[in-house]
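Peer 1: What follows is input-v1.cif; its format and atoms are mmCIF, C-alpha atoms.
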data_entry
#
loop_
_atom_site.group_PDB
_atom_site.id
_atom_site.type_symbol
_atom_site.label_atom_id
_atom_site.label_comp_id
_atom_site.auth_asym_id
_atom_site.auth_seq_id
_atom_site.Cartn_x
_atom_site.Cartn_y
_atom_site.Cartn_z
ATOM 1 C CA LEU A 1 -24.985 -50.836 24.190
ATOM 2 C CA PRO A 2 -27.576 -48.161 24.849
ATOM 3 C CA THR A 3 -29.084 -47.913 28.331
ATOM 4 C CA PRO A 4 -31.987 -45.819 29.668
ATOM 5 C CA ALA A 5 -29.449 -43.379 31.182
ATOM 6 C CA ARG A 6 -27.352 -43.218 27.975
ATOM 7 C CA PRO A 7 -29.617 -44.096 25.038
ATOM 8 C CA HIS A 8 -26.866 -43.864 22.413
ATOM 9 C CA ARG A 9 -24.643 -46.270 20.558
ATOM 10 C CA VAL A 10 -21.135 -44.873 20.567
ATOM 11 C CA GLN A 11 -18.326 -46.106 18.342
ATOM 12 C CA ILE A 12 -14.753 -44.991 18.845
ATOM 13 C CA TYR A 13 -11.994 -45.424 16.297
ATOM 14 C CA TRP A 14 -8.319 -44.645 16.787
ATOM 15 C CA GLN A 15 -6.165 -44.322 13.689
ATOM 16 C CA GLN A 16 -2.539 -43.475 13.095
ATOM 17 C CA PRO A 17 -2.470 -41.472 9.855
ATOM 18 C CA VAL A 18 0.025 -42.656 7.258
ATOM 19 C CA GLU A 19 0.896 -39.175 6.009
ATOM 20 C CA THR A 20 2.929 -37.147 8.449
ATOM 21 C CA LEU A 21 4.796 -33.859 8.314
ATOM 22 C CA PRO A 22 8.337 -32.801 9.215
ATOM 23 C CA GLY A 23 8.646 -32.086 12.926
ATOM 24 C CA VAL A 24 5.858 -34.516 13.890
ATOM 25 C CA ARG A 25 7.044 -37.174 16.358
ATOM 26 C CA GLY A 26 3.695 -38.884 16.866
ATOM 27 C CA LEU A 27 0.206 -38.450 15.452
ATOM 28 C CA ILE A 28 -3.131 -40.060 16.273
ATOM 29 C CA ASP A 29 -6.678 -39.403 15.117
ATOM 30 C CA LEU A 30 -9.799 -40.119 17.132
ATOM 31 C CA GLN A 31 -13.160 -40.512 15.449
ATOM 32 C CA VAL A 32 -16.260 -40.717 17.645
ATOM 33 C CA LEU A 33 -19.644 -41.663 16.187
ATOM 34 C CA THR A 34 -22.994 -41.751 17.960
ATOM 35 C CA GLN A 35 -26.574 -42.628 17.075
ATOM 36 C CA THR A 36 -29.855 -43.382 18.848
ATOM 37 C CA ASP A 37 -33.244 -45.041 18.321
ATOM 38 C CA LEU A 38 -35.022 -42.217 20.178
ATOM 39 C CA LEU A 39 -36.953 -39.524 18.334
ATOM 40 C CA ASP A 40 -35.016 -36.828 20.197
ATOM 41 C CA SER A 41 -32.044 -37.080 22.567
ATOM 42 C CA ASP A 42 -29.064 -35.247 24.011
ATOM 43 C CA PRO A 43 -25.850 -36.933 22.792
ATOM 44 C CA ARG A 44 -23.304 -34.661 24.514
ATOM 45 C CA ARG A 45 -19.851 -36.130 25.010
ATOM 46 C CA GLU A 46 -16.395 -34.712 25.540
ATOM 47 C CA THR A 47 -12.814 -35.799 25.131
ATOM 48 C CA ILE A 48 -10.274 -35.071 27.843
ATOM 49 C CA SER A 49 -6.508 -34.899 27.340
ATOM 50 C CA GLU A 50 -4.297 -34.412 30.389
ATOM 51 C CA LEU A 51 -0.778 -32.995 30.250
ATOM 52 C CA PRO A 52 1.833 -31.450 32.514
ATOM 53 C CA VAL A 53 1.418 -27.665 32.793
ATOM 54 C CA GLY A 54 3.358 -25.261 30.612
ATOM 55 C CA GLU A 55 2.709 -22.531 28.079
ATOM 56 C CA VAL A 56 -0.647 -22.833 26.337
ATOM 57 C CA TRP A 57 -1.425 -21.336 22.942
ATOM 58 C CA ARG A 58 -4.530 -21.272 20.817
ATOM 59 C CA PHE A 59 -4.129 -20.730 17.120
ATOM 60 C CA SER A 60 -5.839 -20.582 13.758
ATOM 61 C CA GLU A 61 -4.951 -19.481 10.259
ATOM 62 C CA ARG A 62 -5.502 -15.897 11.451
ATOM 63 C CA GLY A 63 -2.772 -16.113 14.071
ATOM 64 C CA GLU A 64 -2.080 -17.271 17.572
ATOM 65 C CA SER A 65 -2.336 -16.041 21.139
ATOM 66 C CA GLN A 66 -1.110 -17.278 24.473
ATOM 67 C CA VAL A 67 -3.734 -18.445 26.975
ATOM 68 C CA ASP A 68 -3.321 -17.609 30.650
ATOM 69 C CA VAL A 69 -3.922 -20.679 32.802
ATOM 70 C CA THR A 70 -1.348 -19.753 35.436
ATOM 71 C CA ASP A 71 -3.877 -19.840 38.274
ATOM 72 C CA ALA A 72 -3.491 -23.186 40.074
ATOM 73 C CA HIS A 73 -7.211 -23.828 39.542
ATOM 74 C CA GLY A 74 -7.741 -21.792 36.381
ATOM 75 C CA GLN A 75 -10.320 -22.526 33.733
ATOM 76 C CA VAL A 76 -10.701 -21.040 30.234
ATOM 77 C CA ARG A 77 -13.593 -21.825 27.901
ATOM 78 C CA ASP A 78 -13.210 -20.933 24.220
ATOM 79 C CA ALA A 79 -15.905 -21.301 21.572
ATOM 80 C CA ASP A 80 -13.783 -19.792 18.787
ATOM 81 C CA THR A 81 -10.558 -21.785 18.593
ATOM 82 C CA CYS A 82 -10.391 -25.475 17.719
ATOM 83 C CA CYS A 83 -6.567 -25.642 17.855
ATOM 84 C CA VAL A 84 -4.614 -25.795 21.114
ATOM 85 C CA LEU A 85 -0.872 -26.145 21.626
ATOM 86 C CA VAL A 86 0.729 -26.965 24.990
ATOM 87 C CA ARG A 87 4.446 -26.591 25.710
ATOM 88 C CA PRO A 88 4.935 -28.672 28.861
ATOM 89 C CA ASN A 89 7.686 -27.437 31.157
ATOM 90 C CA GLY A 90 11.029 -29.265 31.017
ATOM 91 C CA VAL A 91 10.645 -31.134 27.704
ATOM 92 C CA ASP A 92 11.722 -30.479 24.103
ATOM 93 C CA TRP A 93 8.346 -31.257 22.514
ATOM 94 C CA SER A 94 4.881 -29.716 22.315
ATOM 95 C CA TYR A 95 1.428 -31.269 22.184
ATOM 96 C CA VAL A 96 -1.068 -30.075 19.572
ATOM 97 C CA GLU A 97 -4.768 -30.925 19.718
ATOM 98 C CA LEU A 98 -7.071 -30.100 16.814
ATOM 99 C CA VAL A 99 -10.767 -30.603 16.190
ATOM 100 C CA HIS A 100 -12.094 -30.584 12.646
ATOM 101 C CA PRO A 101 -13.938 -27.254 12.164
ATOM 102 C CA LEU A 102 -17.197 -28.987 11.172
ATOM 103 C CA ASP A 103 -17.097 -30.934 14.446
ATOM 104 C CA PHE A 104 -15.925 -28.166 16.778
ATOM 105 C CA HIS A 105 -18.141 -26.700 19.512
ATOM 106 C CA ALA A 106 -15.958 -25.523 22.394
ATOM 107 C CA THR A 107 -12.632 -26.093 24.108
ATOM 108 C CA GLU A 108 -12.189 -25.852 27.843
ATOM 109 C CA LEU A 109 -8.784 -25.670 29.524
ATOM 110 C CA ARG A 110 -8.623 -26.602 33.200
ATOM 111 C CA ARG A 111 -5.629 -26.487 35.448
ATOM 112 C CA SER A 112 -5.420 -28.482 38.626
ATOM 113 C CA GLY A 113 -2.085 -28.140 40.381
ATOM 114 C CA GLU A 114 0.595 -29.255 37.941
ATOM 115 C CA ARG A 115 -1.815 -30.898 35.457
ATOM 116 C CA LEU A 116 -3.633 -29.304 32.535
ATOM 117 C CA GLN A 117 -6.776 -30.755 30.981
ATOM 118 C CA ILE A 118 -7.983 -30.007 27.473
ATOM 119 C CA ARG A 119 -11.698 -30.773 27.178
ATOM 120 C CA GLN A 120 -13.305 -30.810 23.733
ATOM 121 C CA ALA A 121 -17.125 -30.631 23.622
ATOM 122 C CA LEU A 122 -18.594 -33.037 21.077
ATOM 123 C CA PHE A 123 -22.178 -33.453 19.880
ATOM 124 C CA VAL A 124 -23.842 -30.480 21.519
ATOM 125 C CA ASN A 125 -26.880 -30.514 19.212
ATOM 126 C CA PHE A 126 -29.837 -32.801 19.741
ATOM 127 C CA LEU A 127 -29.799 -36.126 17.948
ATOM 128 C CA GLU A 128 -32.787 -37.794 16.356
ATOM 129 C CA LYS A 129 -33.456 -41.350 15.276
ATOM 130 C CA GLY A 130 -31.640 -42.464 12.130
ATOM 131 C CA VAL A 131 -28.914 -39.792 12.255
ATOM 132 C CA ILE A 132 -25.255 -40.648 12.864
ATOM 133 C CA LEU A 133 -23.075 -37.862 14.244
ATOM 134 C CA ARG A 134 -19.303 -37.936 13.856
ATOM 135 C CA SER A 135 -16.507 -35.878 15.418
ATOM 136 C CA ARG A 136 -12.808 -35.964 14.613
ATOM 137 C CA VAL A 137 -10.024 -34.994 17.004
ATOM 138 C CA ARG A 138 -6.298 -35.108 16.160
ATOM 139 C CA GLY A 139 -3.476 -35.158 18.694
ATOM 140 C CA ALA A 140 0.211 -34.777 17.865
ATOM 141 C CA ILE A 141 3.554 -34.619 19.621
ATOM 142 C CA VAL A 142 5.730 -32.182 17.661
ATOM 143 C CA ASP A 143 9.221 -30.729 17.912
ATOM 144 C CA ARG A 144 9.240 -27.594 20.076
ATOM 145 C CA SER A 145 11.140 -25.701 17.382
ATOM 146 C CA GLY A 146 8.547 -24.439 14.876
ATOM 147 C CA ASP A 147 5.656 -25.992 16.787
ATOM 148 C CA LEU A 148 3.055 -23.346 15.884
ATOM 149 C CA GLU A 149 3.867 -23.650 12.169
ATOM 150 C CA THR A 150 3.679 -27.451 12.424
ATOM 151 C CA GLY A 151 0.347 -27.158 14.246
ATOM 152 C CA ARG A 152 -1.096 -24.930 11.534
ATOM 153 C CA ALA A 153 0.108 -27.382 8.866
ATOM 154 C CA LEU A 154 -1.499 -30.288 10.758
ATOM 155 C CA TYR A 155 -4.739 -28.322 10.949
ATOM 156 C CA ARG A 156 -4.735 -27.660 7.192
ATOM 157 C CA GLN A 157 -4.014 -31.350 6.595
ATOM 158 C CA LEU A 158 -6.932 -32.382 8.851
ATOM 159 C CA CYS A 159 -9.282 -29.970 7.059
ATOM 160 C CA GLU A 160 -8.268 -31.284 3.628
ATOM 161 C CA THR A 161 -8.549 -34.978 4.533
ATOM 162 C CA ALA A 162 -11.852 -36.723 3.820
ATOM 163 C CA PRO A 163 -13.298 -38.403 6.904
ATOM 164 C CA PRO A 164 -12.683 -42.133 7.158
ATOM 165 C CA LEU A 165 -15.643 -44.261 6.161
ATOM 166 C CA ALA A 166 -16.585 -46.003 9.395
ATOM 167 C CA THR A 167 -20.099 -46.543 10.747
#
As structure tokens, how would this structure be written, given the file I've shared?
Peer 2:
Amino acid sequence: LPTPARPHRVQIYWQQPVETLPGVRGLIDLQVLTQTDLLDSDPRRETISELPVGEVWRFSERGESQVDVTDAHGQVRDADTCCVLVRPNGVDWSYVELVHPLDFHATELRRSGERLQIRQALFVNFLEKGVILRSRVRGAIVDRSGDLETGRALYRQLCETAPPLAT
């Protein structure tokens, strides 16, 4: 319920998509909706995923590049790439996190010791009464072999999928 400090109604839906792709071990979608009764408000929210450290890549249809978060307290903010892939040390899988391009604002990577956080900024624009904002985030555990190709395919799939009807 809305409070004076947080005057928004927030709904969160988790969904396991039925359609999957080769190389995908696990897939989950998060849909976050928010609305308010105020004439003008600041609805900012963020998601946070925490993983063991390892190689970090950002990618798009144009290509990919490795991100340097080797500093024990490093932080990288990126307003251009809504796709992040992490290859945790010592495992045979990778984690891919994608934000639908219509919902994307910024990604922040933070390292603290041996943990890496992926923070996705949601709802950075002001919200007015009667408007419902929605953001979609997809997370996947994929085989390490071919992980960037699988990530790009998951991104295309997310872009082509109509948003679920939930309000």
Peer 1: Tell me which of A:Val18, A:Val67, A:Ile12, A:Leu85 sits closest to A:Gly151, counting all atoms listed in the file.
Peer 2: A:Leu85
Peer 1: I need the output of the PyMOL selection byres ((chain A and resi 148) around 9) for this file as a list in words; which residues are they?
Peer 2: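 When the PyMOL selection byres ((chain A and resi 148) around 9) is applied, the selected residues are Trp57, Phe59, Glu64, Leu85, Val96, Arg144, Ser145, Gly146, Asp147, Glu149, Thr150, Gly151, Arg152 and Ala153 of chain A.
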Peer 1: How about saving the chosen residues, C-alpha atoms kept, as a PDB file, in the frame of the given file?
Peer 2:
ATOM      1  CA  TRP A  57      -1.425 -21.336  22.942  1.00  0.00           C
ATOM      2  CA  PHE A  59      -4.129 -20.730  17.120  1.00  0.00           C
ATOM      3  CA  GLU A  64      -2.080 -17.271  17.572  1.00  0.00           C
ATOM      4  CA  LEU A  85      -0.872 -26.145  21.626  1.00  0.00           C
ATOM      5  CA  VAL A  96      -1.068 -30.075  19.572  1.00  0.00           C
ATOM      6  CA  ARG A 144       9.240 -27.594  20.076  1.00  0.00           C
ATOM      7  CA  SER A 145      11.140 -25.701  17.382  1.00  0.00           C
ATOM      8  CA  GLY A 146       8.547 -24.439  14.876  1.00  0.00           C
ATOM      9  CA  ASP A 147       5.656 -25.992  16.787  1.00  0.00           C
ATOM     10  CA  GLU A 149       3.867 -23.650  12.169  1.00  0.00           C
ATOM     11  CA  THR A 150       3.679 -27.451  12.424  1.00  0.00           C
ATOM     12  CA  GLY A 151       0.347 -27.158  14.246  1.00  0.00           C
ATOM     13  CA  ARG A 152      -1.096 -24.930  11.534  1.00  0.00           C
ATOM     14  CA  ALA A 153       0.108 -27.382   8.866  1.00  0.00           C
TER      15      ALA A 153
END
Peer 1: What does the distance between atom CA of A:Ala106 and atom CA of A:Arg119 come to in Å, to one decimal place?
Peer 2: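 For atom CA of A:Ala106 relative to atom CA of A:Arg119, the distance reads 8.3 Å.
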Peer 1: Applied to this file, what does the PyMOL selection byres ((chain A and resi 102) around 9) return in terms of residues, put as a list in words?
Peer 2: Val99, His100, Pro101, Asp103, Phe104, His105, Ser135, Arg136 and Cys159 of chain A
Peer 1: Would you work out the distance separating atom CA of A:Glu55 from atom CA of A:Asp68, expressed in Å to one decimal?
Peer 2: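 Interatomic distance, atom CA of A:Glu55 to atom CA of A:Asp68: 8.2 Å.
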Peer 1: Which residue, A:Arg134, A:Thr47, A:Leu122, A:Trp93, has the smallest gap to A:Gln35 when you use all atoms listed in the file?
Peer 2: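 Selected residue with least distance to A:Gln35: A:Arg134.
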Peer 1: Run the PyMOL selection byres ((chain A and resi 25) around 6) mentally over the shown coordinates, then write out the matched residues as a PyMOL selection string, using the chain letters and numbers from the document.
Peer 2: chain A and resi 24+26+141-142
Peer 1: Return the single residue from A:Val56, A:Ile28, A:Leu33, A:Val69 that is closest to A:Ser112, with distances computed using only C-alpha atoms.
Peer 2: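 Nearest candidate to A:Ser112 out of A:Val56, A:Ile28, A:Leu33, A:Val69: A:Val69.
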Peer 1: Just give me the gap between atom CA of A:Val32 and atom CA of A:Gly139 in Å, one decimal is fine.
Peer 2: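 Result for atom CA of A:Val32 versus atom CA of A:Gly139: 14.0 Å, one decimal.
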Peer 1: Have a look at A:Val86, A:Val10, A:Val91, A:Leu116 and name the one nearest to A:Ile48; count only C-alpha atoms.
Peer 2: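 Nearest to A:Ile48: A:Leu116.
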Peer 1: Pull the neighbourhood of (-8.8, -44.7, 12.5) for me: all residues within 10 Å in file coordinates, counting all atoms listed in the file, as an MDAnalysis selection string.
Peer 2: chainID A and resid 12:17 28:32 136 163:166
Peer 1: Smallest atom-to-atom distance to A:Glu97: which of A:Leu51, A:Val84, A:Leu27, A:Ala121, using only C-alpha atoms?
Peer 2: A:Val84
Peer 1: Nearest to A:Val53 among A:Arg138, A:Arg110, A:Arg156, A:Arg115, with distances taken over only C-alpha atoms: which residue is it?
Peer 2: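 Closest candidate: A:Arg115.
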Peer 1: Please produce stretch 83-94 of chain A, completed to all heavy atoms, as a CSV table (one decimal), in the coordinates of the input.
Peer 2:
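selection02.csv, freshly written:
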chain,number,residue,atom,x,y,z
A,83,CYS,N,-8.0,-25.2,17.9
A,83,CYS,CA,-6.6,-25.6,17.9
A,83,CYS,C,-5.9,-25.2,19.1
A,83,CYS,O,-5.9,-24.0,19.4
A,83,CYS,CB,-5.8,-25.1,16.7
A,83,CYS,SG,-6.6,-25.4,15.1
A,84,VAL,N,-5.3,-26.1,19.9
A,84,VAL,CA,-4.6,-25.8,21.1
A,84,VAL,C,-3.2,-26.4,21.1
A,84,VAL,O,-3.0,-27.5,20.6
A,84,VAL,CB,-5.4,-26.4,22.3
A,84,VAL,CG1,-4.6,-26.1,23.6
A,84,VAL,CG2,-6.8,-25.8,22.4
A,85,LEU,N,-2.2,-25.7,21.5
A,85,LEU,CA,-0.9,-26.1,21.6
A,85,LEU,C,-0.4,-26.0,23.1
A,85,LEU,O,-0.6,-24.9,23.7
A,85,LEU,CB,0.0,-25.4,20.7
A,85,LEU,CG,1.5,-25.8,20.6
A,85,LEU,CD1,2.0,-25.8,19.2
A,85,LEU,CD2,2.4,-24.9,21.5
A,86,VAL,N,0.2,-27.0,23.6
A,86,VAL,CA,0.7,-27.0,25.0
A,86,VAL,C,2.2,-27.3,24.9
A,86,VAL,O,2.6,-28.2,24.3
A,86,VAL,CB,0.0,-28.0,25.9
A,86,VAL,CG1,0.6,-27.9,27.3
A,86,VAL,CG2,-1.5,-27.8,25.9
A,87,ARG,N,3.0,-26.4,25.6
A,87,ARG,CA,4.4,-26.6,25.7
A,87,ARG,C,4.8,-27.0,27.2
A,87,ARG,O,5.0,-26.1,28.0
A,87,ARG,CB,5.2,-25.3,25.4
A,87,ARG,CG,5.1,-24.9,23.9
A,87,ARG,CD,5.7,-23.6,23.6
A,87,ARG,NE,5.7,-23.3,22.2
A,87,ARG,CZ,5.8,-22.1,21.7
A,87,ARG,NH1,5.8,-21.0,22.5
A,87,ARG,NH2,5.7,-21.9,20.4
A,88,PRO,N,4.7,-28.3,27.5
A,88,PRO,CA,4.9,-28.7,28.9
A,88,PRO,C,6.3,-28.2,29.3
A,88,PRO,O,7.3,-28.2,28.5
A,88,PRO,CB,4.8,-30.2,28.8
A,88,PRO,CG,4.0,-30.5,27.6
A,88,PRO,CD,4.4,-29.4,26.6
A,89,ASN,N,6.4,-27.9,30.6
A,89,ASN,CA,7.7,-27.4,31.2
A,89,ASN,C,8.7,-28.6,31.2
A,89,ASN,O,8.3,-29.7,31.4
A,89,ASN,CB,7.5,-26.9,32.6
A,89,ASN,CG,6.6,-25.7,32.6
A,89,ASN,OD1,6.6,-24.9,31.7
A,89,ASN,ND2,5.9,-25.6,33.7
A,90,GLY,N,9.9,-28.3,30.9
A,90,GLY,CA,11.0,-29.3,31.0
A,90,GLY,C,11.2,-30.3,29.9
A,90,GLY,O,11.9,-31.3,30.1
A,91,VAL,N,10.5,-30.2,28.8
A,91,VAL,CA,10.6,-31.1,27.7
A,91,VAL,C,10.9,-30.4,26.4
A,91,VAL,O,10.7,-29.2,26.3
A,91,VAL,CB,9.4,-32.0,27.5
A,91,VAL,CG1,9.2,-32.9,28.8
A,91,VAL,CG2,8.2,-31.2,27.2
A,92,ASP,N,11.4,-31.1,25.4
A,92,ASP,CA,11.7,-30.5,24.1
A,92,ASP,C,10.7,-30.7,23.0
A,92,ASP,O,10.9,-30.6,21.9
A,92,ASP,CB,13.1,-31.0,23.6
A,92,ASP,CG,13.0,-32.5,23.2
A,92,ASP,OD1,12.1,-33.2,23.6
A,92,ASP,OD2,14.0,-32.9,22.6
A,93,TRP,N,9.4,-31.0,23.5
A,93,TRP,CA,8.3,-31.3,22.5
A,93,TRP,C,7.1,-30.5,23.0
A,93,TRP,O,7.0,-29.9,24.1
A,93,TRP,CB,8.0,-32.7,22.4
A,93,TRP,CG,7.8,-33.4,23.7
A,93,TRP,CD1,8.7,-34.1,24.5
A,93,TRP,CD2,6.5,-33.5,24.5
A,93,TRP,NE1,8.1,-34.6,25.6
A,93,TRP,CE2,6.8,-34.2,25.7
A,93,TRP,CE3,5.3,-33.0,24.3
A,93,TRP,CZ2,5.8,-34.5,26.6
A,93,TRP,CZ3,4.3,-33.2,25.2
A,93,TRP,CH2,4.6,-34.0,26.4
A,94,SER,N,6.2,-30.4,22.0
A,94,SER,CA,4.9,-29.7,22.3
A,94,SER,C,3.8,-30.7,21.9
A,94,SER,O,4.0,-31.6,21.1
A,94,SER,CB,4.7,-28.4,21.5
A,94,SER,OG,5.7,-27.5,21.8
